Amino acid sequence: MILQVEAKQNYKMDHKHWIFMEYNNSHENSVLNSILFEMAVADIYDKVEFES
């Protein structure tokens with residue numbers, strides 16, 4: 001099942017140079033380059049219960 005998600009990420013490449021990433025698919029992976037960590041966007045919302 002593909003969840004409808006929205007996650008945004010900013011990370012710094014060097015002085016005054018930033019990258020913006022936007023994720024809208026639960027099957028995408030977000031990478032935290034500064035600590036060499038990668039996780040699925042769906043895992044960010046793993047324990048979140050949304051009201052309907």
# chains A, B, ... in the order shown; residues from 1 in each chain; ligands from 1
call {"tool": "residues_around", "arguments": {"residues": "A:Ala42", "least_positions_apart": "4", "cutoff": "7 Å", "atoms": "only C-alpha atoms", "output": "list in words"}}
result
Ser26, His27 and Asp46 of chain A
call {"tool": "select_by_dssp", "arguments": {"residues": "chain A", "states": "helix (DSSP H, G or I)", "output": "MDAnalysis selection string"}}
result
chainID A and resid 33:35 41:44
call {"tool": "atom_distance", "arguments": {"atom1": "atom CA of A:Tyr11", "atom2": "atom CA of A:Asn25"}}
result
19.5 Å
call {"tool": "closest_residue", "arguments": {"among": "A:Ser34, A:Asn24, A:Lys47, A:Met39", "to": "A:Asn10", "atoms": "only C-alpha atoms"}}
result
A:Ser34
call {"tool": "select_by_dssp", "arguments": {"residues": "chain A", "states": "strand (DSSP E)", "output": "list in words"}}
result
Gln4, Val5, Glu6, Ala7, Lys8, Gln9, Asn10, Tyr11, Lys12, Met13, Asp14, His17, Trp18, Ile19, Phe20, Met21, Glu22, Tyr23, Asn24, Asn25, Asn29, Ser30, Val31, Leu32, Phe37, Glu38, Met39 and Ala40 of chain A
call {"tool": "atom_distance", "arguments": {"atom1": "atom CA of A:Glu6", "atom2": "atom CA of A:Val41"}}
result
8.6 Å
